[in-house]
Amino acid sequence: MSGPDIESGTVVVEGDIITWVGPRALAPPGRDVELGDVILAPGLVNAHTHLDLTVMRGRFAGLPFFEWIRKLTAARLDLSPAQLLDSARTGIREGLLAGITTYADTTPGDAPFEAMRELGVRGIAYRELFGPDPRQCEASMAGLREAVAAMRARETPLVRVGVSPHAPYSVSDELFSAVADFARSESLPIATHIAESEDESQLVSSAEGAFAEFLRGRAITVEPRARTPIDLLECRGVLGPNALLIHCIRCDRRDIATIAQHECGVASCPMSNRILGHGAAPVAAMLDANIRVGVGSDSMASNDRMDMLRESRLALGNRASEREVWELATLGGARALRLDHLIGSLERGKQADFAAFPRGADPGGPTRASFVAVAGRVLVEDGQLSGST
Ligand SMILES: [Zn+2]
């Protein structure tokens with residue numbers, strides 16, 4: 001990602017750091033791991049997951065979005081903490097076998113955070129919170145502060161903490177502002193689902209649609225809030241370089257200019273968006289505006305597998321080169337998460353996060369990695385999870 005492809009290449013690792021990259025013939029001596037006929041690439045970055053929902057795959061297929069998200073939210077409550085943790089582990093194991101080394105997860109609990117720590121992958125665990133009723137704002141913030149303090153005490157060099165006000169239909173304007181202030185004062189990354197559905201846009205701009213009706217049914221005052229969902233985030237102080245905007249489908253030219261001006265990252269989830277019938281994000285226009293875009297799988301409740309190359313191909317369309325596809329799934333994701341000083345390319349001084357993909361695999365088939373390392377630690381060998389994973 002940082003230069004031309006290298007035929008017959010070698011990457012030298014010392015500890016968790018890449019110390020040399022170049023042709024095999026010039027490599028310094030050392031202990032060799034021969035990976036065979038593979039593409040050795042930076043570890044793939046999944047810029048948006050809900051790892052604890054991995055067991056929900058296919059559960060609510062075909063439902064309209066409003067019904068889908070209500071059923072999913074209710075079903076999550078039926079899972080015990082141990083089941084959520086197991087579900088998150090399952091998601092990471094599946095991701096590792098597909099070459100994914102970094103996960104940006106939003107979840108109201110700490111299951112993905114713990115699973116990422118345990119399995120040795122890299123990630124940001126955005127602690128998710130809900131609160132559509134402005135009267136809940138103080139209580140939600142108290143809960144968030146406590147949860148984040150407990151998670152931060154358990155942060156590692158690989159797994160960091162962020163915050164995530166869920167979405168405009170589940171978070172009041174007051175709560176958006178309060179979380180944004182908190183994130184700024186604590187220097188935490190912030191992620192939010194935004195501009196995903198038509199119902200969400202209607203709620204924000206004209207106080208109409210399925211979400212508006214739902215909130216009114218809960219005795220919450222609903223009024224027009226902003227021109228668009230992106231405009232709403234700007235008004236509430238959410239936008240900035242520390243913000244990751246998830247989806248961004250319903251973004252017009254003004255919205256794209258706003259995102260660029262505030263230097264936000266974007267996580268586009270094209271397969272999830274297609275499965276839920278939301279349409280496609282203007283990824284090409286965002287890249288043209290120099291916005292930091294990565295791709296995400298979203299949860300397995302709205303996707304059939306975690307496959308970042310497939311997401312990347314879908315996001316970029318037929319005209320994209322293979323190099324652009326790989327870049328979006330690696331360096332693109334790293335930039336979106338502001339981790340590109342550490343990962344996203346195979347370069348001297350960066351973290352030893354990489355994955356090997358056998359050449360000659362069916363390009364339409366699922367992406368499978370034969371070898372994966374995170375921070376120099378081998379997590380997949382010969383296409384199998386290593387013992388401790
Ligand atoms: Zn999501």
# chains A, B, ... in the order shown; residues from 1 in each chain; ligands from 1

call {"tool": "residues_around", "arguments": {"residues": "Gly36 (chain A)", "least_positions_apart": "4", "cutoff": "10 Å", "atoms": "only C-alpha atoms", "output": "list in words"}}
result
Ser8, Leu40, Ala356, Phe357, Pro358, Arg359 and Ser370 of chain A

call {"tool": "write_last_selection", "arguments": {"atoms": "C-alpha atoms", "output": "CSV table (one decimal), in the first residue's frame"}}
result
chain,number,residue,atom,x,y,z
A,8,SER,CA,8.9,-12.8,-4.0
A,40,LEU,CA,0.9,-10.9,1.7
A,356,ALA,CA,-1.5,-13.9,3.6
A,357,PHE,CA,-4.1,-14.8,1.0
A,358,PRO,CA,-3.4,-17.8,-1.3
A,359,ARG,CA,-3.1,-16.7,-4.9
A,370,SER,CA,-3.8,-18.8,5.3

call {"tool": "residues_around", "arguments": {"residues": "region 283-292 of chain A", "least_positions_apart": "3", "cutoff": "10 Å", "atoms": "only C-alpha atoms", "output": "JSON, numbers by chain"}}
result
{"A": [241, 244, 247, 248, 249, 251, 252, 253, 255, 256, 257, 259, 260, 261, 262, 263, 264, 265, 266, 267, 268, 270, 280, 295, 315, 316, 317, 320, 328, 331, 332, 333, 334, 335, 336, 337, 338]}

call {"tool": "residues_near_ligand", "arguments": {"ligand": "ligand 1", "cutoff": "12 Å", "atoms": "only C-alpha atoms and all ligand atoms", "output": "mmCIF file with all heavy atoms, in the first residue's frame"}}
result
data_model
loop_
_atom_site.group_PDB
_atom_site.id
_atom_site.type_symbol
_atom_site.label_atom_id
_atom_site.label_comp_id
_atom_site.auth_asym_id
_atom_site.auth_seq_id
_atom_site.Cartn_x
_atom_site.Cartn_y
_atom_site.Cartn_z
ATOM 1 N N ASN A 46 -11.821 -4.032 9.604
ATOM 2 C CA ASN A 46 -13.290 -4.006 9.589
ATOM 3 C C ASN A 46 -13.728 -2.768 10.368
ATOM 4 O O ASN A 46 -13.701 -2.751 11.601
ATOM 5 C CB ASN A 46 -13.855 -5.276 10.210
ATOM 6 C CG ASN A 46 -15.351 -5.404 9.950
ATOM 7 O OD1 ASN A 46 -16.016 -4.426 9.628
ATOM 8 N ND2 ASN A 46 -15.877 -6.605 10.103
ATOM 9 N N ALA A 47 -14.128 -1.737 9.636
ATOM 10 C CA ALA A 47 -14.375 -0.433 10.258
ATOM 11 C C ALA A 47 -15.727 -0.321 10.962
ATOM 12 O O ALA A 47 -16.028 0.712 11.566
ATOM 13 C CB ALA A 47 -14.248 0.677 9.214
ATOM 14 N N HIS A 48 -16.550 -1.376 10.865
ATOM 15 C CA HIS A 48 -17.792 -1.354 11.653
ATOM 16 C C HIS A 48 -18.344 -2.755 11.898
ATOM 17 O O HIS A 48 -18.728 -3.450 10.969
ATOM 18 C CB HIS A 48 -18.870 -0.506 10.984
ATOM 19 C CG HIS A 48 -20.140 -0.454 11.786
ATOM 20 N ND1 HIS A 48 -20.149 -0.102 13.116
ATOM 21 C CD2 HIS A 48 -21.420 -0.745 11.477
ATOM 22 C CE1 HIS A 48 -21.394 -0.168 13.579
ATOM 23 N NE2 HIS A 48 -22.179 -0.558 12.612
ATOM 24 N N THR A 49 -18.375 -3.140 13.163
ATOM 25 C CA THR A 49 -18.944 -4.442 13.542
ATOM 26 C C THR A 49 -19.841 -4.276 14.763
ATOM 27 O O THR A 49 -19.790 -3.257 15.471
ATOM 28 C CB THR A 49 -17.841 -5.444 13.944
ATOM 29 O OG1 THR A 49 -17.186 -4.954 15.128
ATOM 30 C CG2 THR A 49 -16.810 -5.629 12.860
ATOM 31 N N HIS A 50 -20.668 -5.295 14.964
ATOM 32 C CA HIS A 50 -21.316 -5.512 16.267
ATOM 33 C C HIS A 50 -21.002 -6.979 16.564
ATOM 34 O O HIS A 50 -21.807 -7.864 16.277
ATOM 35 C CB HIS A 50 -22.831 -5.319 16.202
ATOM 36 C CG HIS A 50 -23.273 -3.954 15.751
ATOM 37 N ND1 HIS A 50 -23.633 -2.969 16.632
ATOM 38 C CD2 HIS A 50 -23.425 -3.417 14.516
ATOM 39 C CE1 HIS A 50 -23.995 -1.876 15.951
ATOM 40 N NE2 HIS A 50 -23.873 -2.136 14.664
ATOM 41 N N LEU A 51 -19.827 -7.227 17.097
ATOM 42 C CA LEU A 51 -19.350 -8.614 17.200
ATOM 43 C C LEU A 51 -20.239 -9.487 18.074
ATOM 44 O O LEU A 51 -20.378 -10.680 17.834
ATOM 45 C CB LEU A 51 -17.916 -8.621 17.750
ATOM 46 C CG LEU A 51 -16.855 -8.089 16.775
ATOM 47 C CD1 LEU A 51 -15.563 -7.798 17.532
ATOM 48 C CD2 LEU A 51 -16.609 -9.068 15.639
ATOM 49 N N ASP A 52 -20.863 -8.874 19.078
ATOM 50 C CA ASP A 52 -21.677 -9.697 19.982
ATOM 51 C C ASP A 52 -22.976 -10.167 19.326
ATOM 52 O O ASP A 52 -23.685 -10.989 19.891
ATOM 53 C CB ASP A 52 -21.974 -8.935 21.284
ATOM 54 C CG ASP A 52 -22.780 -7.679 21.045
ATOM 55 O OD1 ASP A 52 -22.747 -7.150 19.907
ATOM 56 O OD2 ASP A 52 -23.456 -7.217 21.980
ATOM 57 N N LEU A 53 -23.279 -9.657 18.133
ATOM 58 C CA LEU A 53 -24.498 -10.086 17.428
ATOM 59 C C LEU A 53 -24.210 -11.165 16.379
ATOM 60 O O LEU A 53 -25.069 -11.491 15.567
ATOM 61 C CB LEU A 53 -25.174 -8.889 16.754
ATOM 62 C CG LEU A 53 -25.685 -7.794 17.698
ATOM 63 C CD1 LEU A 53 -26.304 -6.654 16.900
ATOM 64 C CD2 LEU A 53 -26.708 -8.359 18.679
ATOM 65 N N ILE A 69 -34.830 -3.678 13.437
ATOM 66 C CA ILE A 69 -33.993 -3.165 14.531
ATOM 67 C C ILE A 69 -34.700 -3.346 15.876
ATOM 68 O O ILE A 69 -34.047 -3.616 16.889
ATOM 69 C CB ILE A 69 -33.554 -1.700 14.274
ATOM 70 C CG1 ILE A 69 -32.357 -1.358 15.151
ATOM 71 C CG2 ILE A 69 -34.674 -0.712 14.468
ATOM 72 C CD1 ILE A 69 -31.482 -0.287 14.607
ATOM 73 N N LEU A 72 -34.277 -7.111 16.711
ATOM 74 C CA LEU A 72 -32.875 -7.392 17.028
ATOM 75 C C LEU A 72 -32.530 -6.882 18.427
ATOM 76 O O LEU A 72 -31.882 -7.577 19.217
ATOM 77 C CB LEU A 72 -31.990 -6.708 15.978
ATOM 78 C CG LEU A 72 -30.489 -6.931 16.085
ATOM 79 C CD1 LEU A 72 -30.156 -8.402 15.919
ATOM 80 C CD2 LEU A 72 -29.769 -6.106 15.023
ATOM 81 N N THR A 73 -32.983 -5.662 18.736
ATOM 82 C CA THR A 73 -32.710 -5.074 20.047
ATOM 83 C C THR A 73 -33.319 -5.938 21.151
ATOM 84 O O THR A 73 -32.693 -6.179 22.189
ATOM 85 C CB THR A 73 -33.277 -3.640 20.106
ATOM 86 O OG1 THR A 73 -32.776 -2.918 18.971
ATOM 87 C CG2 THR A 73 -32.845 -2.919 21.352
ATOM 88 N N ALA A 104 -13.495 -2.302 14.484
ATOM 89 C CA ALA A 104 -14.078 -1.132 15.148
ATOM 90 C C ALA A 104 -15.501 -1.513 15.493
ATOM 91 O O ALA A 104 -16.349 -1.639 14.621
ATOM 92 C CB ALA A 104 -14.054 0.080 14.231
ATOM 93 N N ASP A 105 -15.728 -1.747 16.782
ATOM 94 C CA ASP A 105 -16.995 -2.335 17.209
ATOM 95 C C ASP A 105 -17.820 -1.340 18.014
ATOM 96 O O ASP A 105 -17.288 -0.615 18.852
ATOM 97 C CB ASP A 105 -16.713 -3.571 18.071
ATOM 98 C CG ASP A 105 -17.982 -4.338 18.376
ATOM 99 O OD1 ASP A 105 -18.677 -3.980 19.346
ATOM 100 O OD2 ASP A 105 -18.285 -5.276 17.621
ATOM 101 N N THR A 106 -19.118 -1.314 17.776
ATOM 102 C CA THR A 106 -20.019 -0.542 18.636
ATOM 103 C C THR A 106 -21.009 -1.491 19.281
ATOM 104 O O THR A 106 -21.681 -2.253 18.605
ATOM 105 C CB THR A 106 -20.802 0.541 17.845
ATOM 106 O OG1 THR A 106 -21.701 -0.099 16.956
ATOM 107 C CG2 THR A 106 -19.888 1.442 17.056
ATOM 108 N N THR A 107 -21.053 -1.451 20.593
ATOM 109 C CA THR A 107 -21.872 -2.379 21.381
ATOM 110 C C THR A 107 -22.210 -1.726 22.713
ATOM 111 O O THR A 107 -21.353 -1.054 23.296
ATOM 112 C CB THR A 107 -21.061 -3.685 21.641
ATOM 113 O OG1 THR A 107 -20.870 -4.360 20.413
ATOM 114 C CG2 THR A 107 -21.759 -4.585 22.623
ATOM 115 N N PRO A 108 -23.440 -1.932 23.222
ATOM 116 C CA PRO A 108 -23.762 -1.331 24.520
ATOM 117 C C PRO A 108 -23.070 -2.007 25.709
ATOM 118 O O PRO A 108 -23.008 -1.426 26.781
ATOM 119 C CB PRO A 108 -25.297 -1.486 24.611
ATOM 120 C CG PRO A 108 -25.675 -2.499 23.588
ATOM 121 C CD PRO A 108 -24.603 -2.529 22.558
ATOM 122 N N TYR A 126 -16.162 0.907 20.793
ATOM 123 C CA TYR A 126 -16.961 2.104 21.057
ATOM 124 C C TYR A 126 -18.130 1.697 21.945
ATOM 125 O O TYR A 126 -19.001 0.942 21.524
ATOM 126 C CB TYR A 126 -17.507 2.686 19.755
ATOM 127 C CG TYR A 126 -16.480 3.199 18.769
ATOM 128 C CD1 TYR A 126 -15.983 2.380 17.765
ATOM 129 C CD2 TYR A 126 -16.050 4.522 18.827
ATOM 130 C CE1 TYR A 126 -15.071 2.867 16.831
ATOM 131 C CE2 TYR A 126 -15.136 5.012 17.903
ATOM 132 C CZ TYR A 126 -14.652 4.175 16.903
ATOM 133 O OH TYR A 126 -13.758 4.657 15.982
ATOM 134 N N GLU A 128 -21.493 1.783 23.266
ATOM 135 C CA GLU A 128 -22.696 2.330 22.648
ATOM 136 C C GLU A 128 -23.723 2.704 23.703
ATOM 137 O O GLU A 128 -23.854 2.005 24.710
ATOM 138 C CB GLU A 128 -23.276 1.260 21.717
ATOM 139 C CG GLU A 128 -24.346 1.742 20.774
ATOM 140 C CD GLU A 128 -24.634 0.688 19.691
ATOM 141 O OE1 GLU A 128 -24.822 -0.488 20.027
ATOM 142 O OE2 GLU A 128 -24.658 1.066 18.519
ATOM 143 N N SER A 164 -20.092 5.662 21.628
ATOM 144 C CA SER A 164 -20.965 5.676 20.464
ATOM 145 C C SER A 164 -22.422 5.948 20.823
ATOM 146 O O SER A 164 -23.146 5.060 21.245
ATOM 147 C CB SER A 164 -20.877 4.331 19.721
ATOM 148 O OG SER A 164 -21.760 4.343 18.623
ATOM 149 N N PRO A 165 -22.835 7.209 20.645
ATOM 150 C CA PRO A 165 -24.277 7.472 20.693
ATOM 151 C C PRO A 165 -24.894 6.803 19.463
ATOM 152 O O PRO A 165 -24.428 7.033 18.345
ATOM 153 C CB PRO A 165 -24.356 9.007 20.625
ATOM 154 C CG PRO A 165 -23.058 9.469 20.049
ATOM 155 C CD PRO A 165 -22.037 8.398 20.266
ATOM 156 N N HIS A 166 -25.907 5.950 19.666
ATOM 157 C CA HIS A 166 -26.282 4.993 18.623
ATOM 158 C C HIS A 166 -26.707 5.606 17.293
ATOM 159 O O HIS A 166 -26.105 5.345 16.267
ATOM 160 C CB HIS A 166 -27.382 4.053 19.153
ATOM 161 C CG HIS A 166 -27.923 3.125 18.131
ATOM 162 N ND1 HIS A 166 -29.166 3.290 17.556
ATOM 163 C CD2 HIS A 166 -27.385 2.048 17.538
ATOM 164 C CE1 HIS A 166 -29.355 2.323 16.668
ATOM 165 N NE2 HIS A 166 -28.301 1.552 16.640
ATOM 166 N N ALA A 167 -27.763 6.428 17.303
ATOM 167 C CA ALA A 167 -28.314 6.972 16.043
ATOM 168 C C ALA A 167 -29.348 8.043 16.369
ATOM 169 O O ALA A 167 -29.851 8.100 17.489
ATOM 170 C CB ALA A 167 -28.962 5.852 15.234
ATOM 171 N N ALA A 191 -18.179 7.264 17.624
ATOM 172 C CA ALA A 191 -18.754 6.701 16.398
ATOM 173 C C ALA A 191 -20.264 6.765 16.493
ATOM 174 O O ALA A 191 -20.829 6.635 17.585
ATOM 175 C CB ALA A 191 -18.326 5.243 16.219
ATOM 176 N N THR A 192 -20.931 6.996 15.367
ATOM 177 C CA THR A 192 -22.383 6.981 15.390
ATOM 178 C C THR A 192 -22.939 6.506 14.051
ATOM 179 O O THR A 192 -22.327 6.721 13.006
ATOM 180 C CB THR A 192 -22.941 8.377 15.773
ATOM 181 O OG1 THR A 192 -24.346 8.268 16.001
ATOM 182 C CG2 THR A 192 -22.696 9.414 14.686
ATOM 183 N N HIS A 193 -24.084 5.808 14.120
ATOM 184 C CA HIS A 193 -24.788 5.394 12.904
ATOM 185 C C HIS A 193 -25.523 6.614 12.371
ATOM 186 O O HIS A 193 -26.307 7.222 13.108
ATOM 187 C CB HIS A 193 -25.832 4.315 13.218
ATOM 188 C CG HIS A 193 -25.254 3.029 13.715
ATOM 189 N ND1 HIS A 193 -24.882 2.836 15.017
ATOM 190 C CD2 HIS A 193 -25.018 1.862 13.072
ATOM 191 C CE1 HIS A 193 -24.429 1.604 15.158
ATOM 192 N NE2 HIS A 193 -24.495 0.978 14.001
ATOM 193 N N ILE A 194 -25.301 6.950 11.127
ATOM 194 C CA ILE A 194 -25.892 8.200 10.630
ATOM 195 C C ILE A 194 -26.258 8.115 9.148
ATOM 196 O O ILE A 194 -25.561 7.472 8.372
ATOM 197 C CB ILE A 194 -24.932 9.398 10.906
ATOM 198 C CG1 ILE A 194 -25.690 10.718 10.840
ATOM 199 C CG2 ILE A 194 -23.726 9.393 9.996
ATOM 200 C CD1 ILE A 194 -26.602 10.978 12.011
ATOM 201 N N ALA A 195 -27.366 8.785 8.811
ATOM 202 C CA ALA A 195 -27.816 8.880 7.416
ATOM 203 C C ALA A 195 -27.939 7.497 6.779
ATOM 204 O O ALA A 195 -27.491 7.263 5.666
ATOM 205 C CB ALA A 195 -26.870 9.783 6.608
ATOM 206 N N GLU A 196 -28.584 6.575 7.528
ATOM 207 C CA GLU A 196 -28.693 5.195 7.052
ATOM 208 C C GLU A 196 -29.997 4.946 6.286
ATOM 209 O O GLU A 196 -29.977 4.364 5.207
ATOM 210 C CB GLU A 196 -28.584 4.221 8.239
ATOM 211 C CG GLU A 196 -28.638 2.748 7.808
ATOM 212 C CD GLU A 196 -28.543 1.766 8.965
ATOM 213 O OE1 GLU A 196 -28.681 2.203 10.121
ATOM 214 O OE2 GLU A 196 -28.347 0.565 8.701
ATOM 215 N N LEU A 244 -16.212 8.883 13.823
ATOM 216 C CA LEU A 244 -16.382 7.879 12.776
ATOM 217 C C LEU A 244 -17.870 7.822 12.446
ATOM 218 O O LEU A 244 -18.685 7.497 13.315
ATOM 219 C CB LEU A 244 -15.909 6.509 13.253
ATOM 220 C CG LEU A 244 -16.062 5.372 12.235
ATOM 221 C CD1 LEU A 244 -15.071 5.544 11.078
ATOM 222 C CD2 LEU A 244 -15.864 4.017 12.900
ATOM 223 N N LEU A 245 -18.216 8.172 11.208
ATOM 224 C CA LEU A 245 -19.616 8.218 10.793
ATOM 225 C C LEU A 245 -19.949 6.930 10.051
ATOM 226 O O LEU A 245 -19.376 6.632 9.002
ATOM 227 C CB LEU A 245 -19.861 9.437 9.896
ATOM 228 C CG LEU A 245 -19.382 10.779 10.483
ATOM 229 C CD1 LEU A 245 -19.721 11.910 9.522
ATOM 230 C CD2 LEU A 245 -20.004 11.025 11.856
ATOM 231 N N ILE A 246 -20.872 6.154 10.635
ATOM 232 C CA ILE A 246 -21.183 4.832 10.103
ATOM 233 C C ILE A 246 -22.363 4.939 9.134
ATOM 234 O O ILE A 246 -23.409 5.496 9.496
ATOM 235 C CB ILE A 246 -21.536 3.864 11.260
ATOM 236 C CG1 ILE A 246 -20.392 3.808 12.276
ATOM 237 C CG2 ILE A 246 -21.859 2.476 10.723
ATOM 238 C CD1 ILE A 246 -20.849 3.398 13.675
ATOM 239 N N HIS A 247 -22.193 4.450 7.953
ATOM 240 C CA HIS A 247 -23.166 4.372 6.850
ATOM 241 C C HIS A 247 -23.097 5.570 5.895
ATOM 242 O O HIS A 247 -22.640 5.432 4.781
ATOM 243 C CB HIS A 247 -24.610 4.143 7.334
ATOM 244 C CG HIS A 247 -24.763 2.842 8.064
ATOM 245 N ND1 HIS A 247 -24.315 1.651 7.536
ATOM 246 C CD2 HIS A 247 -25.285 2.532 9.284
ATOM 247 C CE1 HIS A 247 -24.560 0.673 8.392
ATOM 248 N NE2 HIS A 247 -25.133 1.171 9.462
ATOM 249 N N CYS A 248 -23.612 6.739 6.280
ATOM 250 C CA CYS A 248 -23.559 7.924 5.395
ATOM 251 C C CYS A 248 -24.116 7.632 4.002
ATOM 252 O O CYS A 248 -23.468 7.916 2.983
ATOM 253 C CB CYS A 248 -22.130 8.447 5.280
ATOM 254 S SG CYS A 248 -21.503 9.141 6.795
ATOM 255 N N ALA A 267 -17.308 4.986 7.942
ATOM 256 C CA ALA A 267 -17.327 3.524 7.782
ATOM 257 C C ALA A 267 -18.514 3.179 6.895
ATOM 258 O O ALA A 267 -19.662 3.335 7.303
ATOM 259 C CB ALA A 267 -17.458 2.838 9.135
ATOM 260 N N SER A 268 -18.214 2.735 5.685
ATOM 261 C CA SER A 268 -19.285 2.362 4.763
ATOM 262 C C SER A 268 -19.510 0.853 4.844
ATOM 263 O O SER A 268 -18.554 0.085 4.903
ATOM 264 C CB SER A 268 -18.900 2.760 3.333
ATOM 265 O OG SER A 268 -19.929 2.404 2.439
ATOM 266 N N CYS A 269 -20.773 0.445 4.869
ATOM 267 C CA CYS A 269 -21.119 -0.978 5.029
ATOM 268 C C CYS A 269 -22.013 -1.411 3.869
ATOM 269 O O CYS A 269 -23.221 -1.621 4.039
ATOM 270 C CB CYS A 269 -21.843 -1.205 6.350
ATOM 271 S SG CYS A 269 -20.934 -0.581 7.781
ATOM 272 N N PRO A 270 -21.438 -1.534 2.663
ATOM 273 C CA PRO A 270 -22.276 -1.695 1.468
ATOM 274 C C PRO A 270 -23.140 -2.961 1.447
ATOM 275 O O PRO A 270 -24.279 -2.897 0.992
ATOM 276 C CB PRO A 270 -21.268 -1.697 0.317
ATOM 277 C CG PRO A 270 -19.934 -1.875 0.933
ATOM 278 C CD PRO A 270 -20.012 -1.389 2.334
ATOM 279 N N MET A 271 -22.620 -4.085 1.943
ATOM 280 C CA MET A 271 -23.447 -5.299 1.879
ATOM 281 C C MET A 271 -24.613 -5.215 2.855
ATOM 282 O O MET A 271 -25.740 -5.554 2.523
ATOM 283 C CB MET A 271 -22.588 -6.542 2.142
ATOM 284 C CG MET A 271 -23.334 -7.846 1.976
ATOM 285 S SD MET A 271 -24.215 -8.012 0.381
ATOM 286 C CE MET A 271 -22.935 -8.745 -0.626
ATOM 287 N N SER A 272 -24.355 -4.746 4.061
ATOM 288 C CA SER A 272 -25.430 -4.555 5.032
ATOM 289 C C SER A 272 -26.475 -3.583 4.488
ATOM 290 O O SER A 272 -27.682 -3.817 4.596
ATOM 291 C CB SER A 272 -24.854 -4.027 6.345
ATOM 292 O OG SER A 272 -25.873 -3.538 7.182
ATOM 293 N N ASN A 273 -26.006 -2.498 3.884
ATOM 294 C CA ASN A 273 -26.923 -1.493 3.334
ATOM 295 C C ASN A 273 -27.797 -2.098 2.241
ATOM 296 O O ASN A 273 -28.988 -1.810 2.134
ATOM 297 C CB ASN A 273 -26.150 -0.307 2.763
ATOM 298 C CG ASN A 273 -25.319 0.446 3.794
ATOM 299 O OD1 ASN A 273 -24.367 1.131 3.453
ATOM 300 N ND2 ASN A 273 -25.656 0.325 5.065
ATOM 301 N N LEU A 276 -30.363 -4.658 3.851
ATOM 302 C CA LEU A 276 -31.470 -3.977 4.537
ATOM 303 C C LEU A 276 -32.262 -3.069 3.595
ATOM 304 O O LEU A 276 -33.245 -2.454 4.010
ATOM 305 C CB LEU A 276 -30.944 -3.171 5.728
ATOM 306 C CG LEU A 276 -30.450 -3.998 6.922
ATOM 307 C CD1 LEU A 276 -29.766 -3.106 7.950
ATOM 308 C CD2 LEU A 276 -31.578 -4.782 7.576
ATOM 309 N N VAL A 295 -14.235 0.367 5.078
ATOM 310 C CA VAL A 295 -15.440 -0.447 4.923
ATOM 311 C C VAL A 295 -15.648 -1.325 6.154
ATOM 312 O O VAL A 295 -14.700 -1.736 6.819
ATOM 313 C CB VAL A 295 -15.407 -1.336 3.656
ATOM 314 C CG1 VAL A 295 -15.722 -0.509 2.421
ATOM 315 C CG2 VAL A 295 -14.097 -2.081 3.512
ATOM 316 N N GLY A 296 -16.940 -1.593 6.433
ATOM 317 C CA GLY A 296 -17.305 -2.423 7.575
ATOM 318 C C GLY A 296 -18.312 -3.464 7.172
ATOM 319 O O GLY A 296 -19.033 -3.305 6.179
ATOM 320 N N SER A 297 -18.360 -4.532 7.949
ATOM 321 C CA SER A 297 -19.331 -5.595 7.645
ATOM 322 C C SER A 297 -20.684 -5.283 8.274
ATOM 323 O O SER A 297 -21.698 -5.817 7.841
ATOM 324 C CB SER A 297 -18.833 -6.930 8.181
ATOM 325 O OG SER A 297 -18.695 -6.869 9.593
ATOM 326 N N ASP A 298 -20.688 -4.418 9.335
ATOM 327 C CA ASP A 298 -21.859 -4.291 10.187
ATOM 328 C C ASP A 298 -22.093 -5.641 10.871
ATOM 329 O O ASP A 298 -21.271 -6.543 10.767
ATOM 330 C CB ASP A 298 -23.079 -3.844 9.370
ATOM 331 C CG ASP A 298 -24.055 -2.997 10.201
ATOM 332 O OD1 ASP A 298 -23.970 -3.037 11.441
ATOM 333 O OD2 ASP A 298 -24.898 -2.306 9.603
ATOM 334 N N SER A 299 -23.206 -5.804 11.570
ATOM 335 C CA SER A 299 -23.384 -7.054 12.320
ATOM 336 C C SER A 299 -23.791 -8.183 11.385
ATOM 337 O O SER A 299 -24.253 -7.947 10.267
ATOM 338 C CB SER A 299 -24.449 -6.871 13.391
ATOM 339 O OG SER A 299 -25.736 -7.054 12.827
ATOM 340 N N MET A 300 -23.649 -9.400 11.856
ATOM 341 C CA MET A 300 -24.057 -10.552 11.058
ATOM 342 C C MET A 300 -25.588 -10.704 11.039
ATOM 343 O O MET A 300 -26.113 -11.597 10.382
ATOM 344 C CB MET A 300 -23.385 -11.824 11.561
ATOM 345 C CG MET A 300 -21.899 -11.855 11.245
ATOM 346 S SD MET A 300 -21.541 -11.699 9.460
ATOM 347 C CE MET A 300 -20.612 -10.159 9.417
ATOM 348 N N ALA A 301 -26.295 -9.814 11.755
ATOM 349 C CA ALA A 301 -27.751 -9.795 11.609
ATOM 350 C C ALA A 301 -28.139 -9.143 10.290
ATOM 351 O O ALA A 301 -29.263 -9.302 9.813
ATOM 352 C CB ALA A 301 -28.388 -9.057 12.776
ATOM 353 N N SER A 302 -27.225 -8.394 9.682
ATOM 354 C CA SER A 302 -27.524 -7.761 8.394
ATOM 355 C C SER A 302 -26.440 -8.063 7.360
ATOM 356 O O SER A 302 -26.191 -7.282 6.457
ATOM 357 C CB SER A 302 -27.696 -6.251 8.558
ATOM 358 O OG SER A 302 -26.519 -5.680 9.086
ATOM 359 N N ASN A 303 -25.779 -9.196 7.517
ATOM 360 C CA ASN A 303 -24.763 -9.590 6.538
ATOM 361 C C ASN A 303 -24.631 -11.109 6.631
ATOM 362 O O ASN A 303 -25.051 -11.710 7.627
ATOM 363 C CB ASN A 303 -23.427 -8.906 6.849
ATOM 364 C CG ASN A 303 -22.577 -8.696 5.600
ATOM 365 O OD1 ASN A 303 -22.686 -9.465 4.636
ATOM 366 N ND2 ASN A 303 -21.737 -7.692 5.617
#

call {"tool": "residues_around", "arguments": {"residues": "Ala139 (chain A)", "least_positions_apart": "4", "cutoff": "12 Å", "atoms": "only C-alpha atoms", "output": "number ranges by chain"}}
result
A: 129-131, 133-135, 143-146, 175, 178

call {"tool": "write_last_selection", "arguments": {"atoms": "C-alpha atoms", "output": "CSV table (one decimal), in the first residue's frame"}}
result
chain,number,residue,atom,x,y,z
A,129,LEU,CA,-25.5,4.1,24.4
A,130,PHE,CA,-29.2,4.9,23.7
A,131,GLY,CA,-31.6,7.5,25.0
A,133,ASP,CA,-35.9,10.8,25.6
A,134,PRO,CA,-34.1,14.0,26.7
A,135,ARG,CA,-35.2,13.3,30.2
A,143,GLY,CA,-23.9,5.1,33.0
A,144,LEU,CA,-21.5,5.9,30.2
A,145,ARG,CA,-18.9,7.5,32.4
A,146,GLU,CA,-18.9,4.5,34.7
A,175,LEU,CA,-27.5,13.3,24.6
A,178,ALA,CA,-23.3,15.5,26.1

call {"tool": "select_by_dssp", "arguments": {"residues": "region 64-123 of chain A", "states": "strand (DSSP E or B)", "output": "ChimeraX atom specification"}}
result
/A:100-107,122-123

call {"tool": "closest_residue", "arguments": {"among": "A:Val293, A:Ile190, A:Leu44, A:Ile18", "to": "Gly376 (chain A)", "atoms": "only C-alpha atoms"}}
result
A:Ile18

call {"tool": "select_by_dssp", "arguments": {"residues": "region 31-265 of chain A", "states": "helix (DSSP H, G or I)", "output": "PyMOL selection string"}}
result
chain A and resi 51-56+65-77+81-97+111-119+134-152+173-186+198-206+210-217+229-235+253-261
